[in-house]
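One structure is given below, encoded as structure tokens.
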Amino acid sequence: MSTGEPSPTSTRRTVAAVFLAGVSVFLVLYETQGLLPAIRDAYGIDGPTASLTVSATNVAMACFLIPFSMLAPRIGHARQIGAGVIVAAILALVLPFTPTPELLIVVRFLQGVAIASVPATAMAYLSLRLPPAALPGAIGIYIAGNTIGGLCSRLLTGLASEFLGWHGGLAFTAVVSLVFGLIVVWLLRHDLFSTARSRAVPADTDPTPTEAADPDAVTAGDGVTEVGDGGTGSAQPPRRAIPLRGGLWRIYLTGFLCMIVFGGSFTMLGTRLQQDPWRLSEGAVALFFLIYLVGTVVTTYYGRLATKYPRTRITLAGMVIALAGAGLTLVDSLVVIIIGMSLLTAGFFLGHTGASAAASAARPGVDSTRSAAIYLTVYYLGTSLGAWLSAVLFADFSWPGVVGMCAASLIAVLVLTLTGAPIGFRKRN
């Protein structure tokens, strides 16, 4: 791989490949979320067991994000991305033909392993291949691909199931994901079949201070020189294997709790709407996932808010908005439920966006890339727990049980943000 300035064509090809990779893998990440009632009835299982088809994938992602981030420099970032998108799509093609719920859950877990290879690698790959000036915009495009893929994962699968049944809906989404995956492989072909492995950013390069600007930091040990120190080897505070200083543990916990709310509420929303008094179809339920676009709007304007108000104040406002939204969803009115879920979504993204940015921010003695990877790990663990726990509570207490779980998590974030009190961690000089 050349370390010189890439051509505009090469830059566009790299950005397009990573964008489509995000769309491809996130397209199959949540594909069973809107089909839980159909899966439950088809296999004769209960709601909590059916919800494991969502939780298993997210648990696998959480477990393999950091290992894949360490593996990529050894096998090549492009190769890992290319393999991930193809394997995830092929496993998605297997899903409609699984004869037992146990095998369905196992395949979903393996999908999560394959999917993890892309978010663990994508931003580091961009930082290696692009000039510093193009990096922030490219990362934004990649994140947009994740958002689009996550939305279409729920929307396309549900709408296709309306006409093809739930088996056909899964197969349709898998085919679309595979097409995008093949395009990614074609766009990455020069790096995939090159004998040279990805190399680090040259020493005379001045990368922008983003979480992707230090791709090798995931595997760096204590005492590694920070990016931007001019390469002088000046003394830096020792880095911890699991960075917790500066309130980072609180930031991780905020993302974890927020994702319990978001993942749990949307996982059981379809089940609620397919029961009395509405009895909506899979296609109609899928349209409710368009509420996810509220998050796109919120994240777009978050930067402007952050220039005017402290992050803690924005997080507090987000949790209050989400609490109000969760309460509104208790009303048996589709219009009120839409408003409530929109408010809950907006509040979630206010909290998650701030926590994600804080986890990736530069701190003395803290590996920002490792910190961001840990944040993503606990973030997807929150999705897994939220999906399973909401199904358990829904079975015992119906929708009010899910709202109670959301309220408890949101109040916990409020307490964390308001107190800022350490829990067993002392600051050392």
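Convention: chains lettered A, B, ... in structure tokens order; per-chain residue numbering from 1; ligands numbered from 1 as shown.
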
Kindly assemble as CSV a list of the region 14-34 of chain A residues that lie within 12 Å of region 255-266 of chain A, each paired with its nearest atom pair and their distance in Å to one decimal, using only C-alpha atoms, sorted first by chain and then by ascending residue number.
residue,atom,partner,partner_atom,distance
A:Tyr30,CA,A:Gly263,CA,10.0
A:Thr32,CA,A:Phe266,CA,11.7
A:Gln33,CA,A:Phe266,CA,7.9
A:Gly34,CA,A:Phe266,CA,8.4

Any idea what's packed within 10 Å of Pro277 (chain A), counting only C-alpha atoms, ignoring anything in its chain fewer than 5 positions away? Could you give it as an NGL selection string? :A and (272 or 332-333)

List as a PyMOL selection string the protein and nucleic acid residues near region 169-174 of chain A, meaning an atom at most 9 Å away when only C-alpha atoms are counted, but skip any in the same chain fewer than 5 places from it. chain A and resi 27-28+31-32+88-96+152-153+156-164+179

Just the selected residues (C-alpha atoms), exported as a compact mmCIF listing (two decimals), in the first residue's frame, please.
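Generated file (part-v7.txt):
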# COMPACT_ATOMS: atom_id res chain seq x y z
CA LEU A 27 -28.56 -4.44 7.12
CA VAL A 28 -28.52 -7.94 8.64
CA GLU A 31 -33.25 -8.21 10.66
CA THR A 32 -35.12 -10.40 13.17
CA ALA A 88 -22.33 -12.04 7.32
CA ALA A 89 -24.42 -12.04 4.13
CA ILE A 90 -23.92 -15.78 3.51
CA LEU A 91 -25.00 -16.57 7.06
CA ALA A 92 -28.04 -14.35 6.51
CA LEU A 93 -28.94 -16.55 3.54
CA VAL A 94 -28.81 -19.58 5.84
CA LEU A 95 -31.25 -18.10 8.38
CA PRO A 96 -34.54 -18.81 6.54
CA CYS A 152 -33.24 -0.72 6.45
CA SER A 153 -32.51 -3.87 8.43
CA LEU A 156 -36.87 -3.79 4.38
CA THR A 157 -37.20 -7.09 6.22
CA GLY A 158 -40.61 -6.15 7.60
CA LEU A 159 -41.97 -4.84 4.31
CA ALA A 160 -40.67 -7.85 2.37
CA SER A 161 -42.23 -10.18 4.97
CA GLU A 162 -45.60 -8.61 4.20
CA PHE A 163 -45.50 -10.20 0.74
CA LEU A 164 -43.04 -13.09 1.07
CA VAL A 179 -24.99 -7.60 -3.40

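Of note, CA of Leu334 (chain A) and CA of Asn58 (chain A) are spaced 29.0 Å apart.
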
Proximity to Thr315 (chain A) - best of A:Val107, A:Leu155, A:Leu178, A:Leu416, only C-alpha atoms: A:Leu416

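Excluding Asn146 (chain A) itself and any same-chain residue fewer than 5 positions from it, the protein and nucleic acid residues within 7 Å of it, counting only C-alpha atoms, are Gly22, Val23 and Phe26 of chain A.
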
Non-local contacts of Phe394 (chain A) (12 Å; only C-alpha atoms; under 6 positions in same chain excluded) as a short mmCIF file (atom, residue, chain, number, x, y, z; two decimals) with N, CA and C atoms, in the first residue's frame:
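The resulting around.cif:
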data_model
loop_
_atom_site.label_atom_id
_atom_site.label_comp_id
_atom_site.auth_asym_id
_atom_site.auth_seq_id
_atom_site.Cartn_x
_atom_site.Cartn_y
_atom_site.Cartn_z
N ASP A 46 -41.25 -19.13 23.40
CA ASP A 46 -41.76 -17.95 24.09
C ASP A 46 -41.02 -16.70 23.63
N GLY A 47 -41.52 -15.54 24.08
CA GLY A 47 -40.94 -14.28 23.67
C GLY A 47 -39.49 -14.09 24.05
N PRO A 48 -39.10 -14.38 25.30
CA PRO A 48 -37.68 -14.22 25.66
C PRO A 48 -36.74 -15.07 24.82
N SER A 51 -36.38 -13.43 21.47
CA SER A 51 -35.56 -12.22 21.55
C SER A 51 -34.07 -12.53 21.51
N GLY A 264 -34.24 -2.34 23.98
CA GLY A 264 -35.38 -3.03 24.57
C GLY A 264 -36.71 -2.53 24.08
N SER A 265 -36.88 -1.22 23.99
CA SER A 265 -38.17 -0.67 23.59
C SER A 265 -38.50 -1.02 22.14
N THR A 267 -37.29 -3.51 20.41
CA THR A 267 -37.41 -4.96 20.22
C THR A 267 -38.84 -5.42 20.49
N MET A 268 -39.48 -4.89 21.51
CA MET A 268 -40.82 -5.35 21.87
C MET A 268 -41.93 -4.48 21.30
N LEU A 269 -41.57 -3.39 20.62
CA LEU A 269 -42.61 -2.53 20.03
C LEU A 269 -43.45 -3.29 19.02
N GLY A 270 -42.81 -4.06 18.15
CA GLY A 270 -43.55 -4.81 17.15
C GLY A 270 -44.48 -5.83 17.77
N THR A 271 -44.02 -6.51 18.81
CA THR A 271 -44.86 -7.50 19.49
C THR A 271 -46.10 -6.82 20.07
N ARG A 272 -45.93 -5.65 20.66
CA ARG A 272 -47.07 -4.94 21.23
C ARG A 272 -48.07 -4.54 20.15
N GLY A 386 -30.97 -5.42 26.89
CA GLY A 386 -32.25 -4.75 26.72
C GLY A 386 -33.24 -5.57 25.93
N ALA A 387 -32.77 -6.22 24.85
CA ALA A 387 -33.66 -7.04 24.03
C ALA A 387 -34.20 -8.22 24.82
N TRP A 388 -33.33 -8.90 25.57
CA TRP A 388 -33.79 -10.08 26.32
C TRP A 388 -34.64 -9.68 27.52
N PRO A 400 -46.22 -2.08 30.19
CA PRO A 400 -45.76 -1.32 31.35
C PRO A 400 -44.46 -1.86 31.95
N GLY A 401 -44.21 -3.17 31.85
CA GLY A 401 -42.95 -3.72 32.34
C GLY A 401 -41.77 -3.19 31.55
N VAL A 402 -41.93 -3.07 30.22
CA VAL A 402 -40.87 -2.52 29.37
C VAL A 402 -40.63 -1.05 29.71
N VAL A 403 -41.70 -0.30 29.91
CA VAL A 403 -41.56 1.12 30.26
C VAL A 403 -40.88 1.26 31.62
N GLY A 404 -41.19 0.38 32.56
CA GLY A 404 -40.52 0.41 33.85
C GLY A 404 -39.02 0.19 33.73
N MET A 405 -38.62 -0.76 32.86
CA MET A 405 -37.20 -1.00 32.62
C MET A 405 -36.54 0.25 32.03
#

Residues of region 235-311 of chain A at most 7 Å from region 342-350 of chain A: nearest atom pair and distance in Å, only C-alpha atoms, as a Markdown table:
| residue | atom | partner | partner_atom | distance |
| --- | --- | --- | --- | --- |
| A:Cys258 | CA | A:Phe348 | CA | 6.0 |
| A:Phe262 | CA | A:Phe348 | CA | 6.7 |
| A:Ile291 | CA | A:Ser342 | CA | 5.8 |
| A:Tyr292 | CA | A:Thr345 | CA | 6.9 |
| A:Val294 | CA | A:Ala346 | CA | 6.1 |
| A:Gly295 | CA | A:Ala346 | CA | 5.7 |
| A:Val298 | CA | A:Ala346 | CA | 6.2 |
| A:Thr299 | CA | A:Phe349 | CA | 6.7 |

Give me the residues near Val118 (chain A) as number ranges by chain, where near means some atom within 10 Å (using only C-alpha atoms) and where sequence neighbours in that chain fewer than 6 positions away do not count. A: 18, 21-22, 24-26, 65, 68-69, 72, 77-78, 80-85, 125

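Taking CA of Arg108 (chain A) and CA of Leu29 (chain A) as endpoints, the distance between them is 8.6 Å.
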
Distance of CA of Val184 (chain A) from CA of Ser10 (chain A), expressed in Å to one decimal place: 13.6 Å

Non-local contacts of Leu126 (chain A) (8 Å; only C-alpha atoms; under 6 positions in same chain excluded) as a ChimeraX atom specification: /A:14-15,18,135,138-139,212
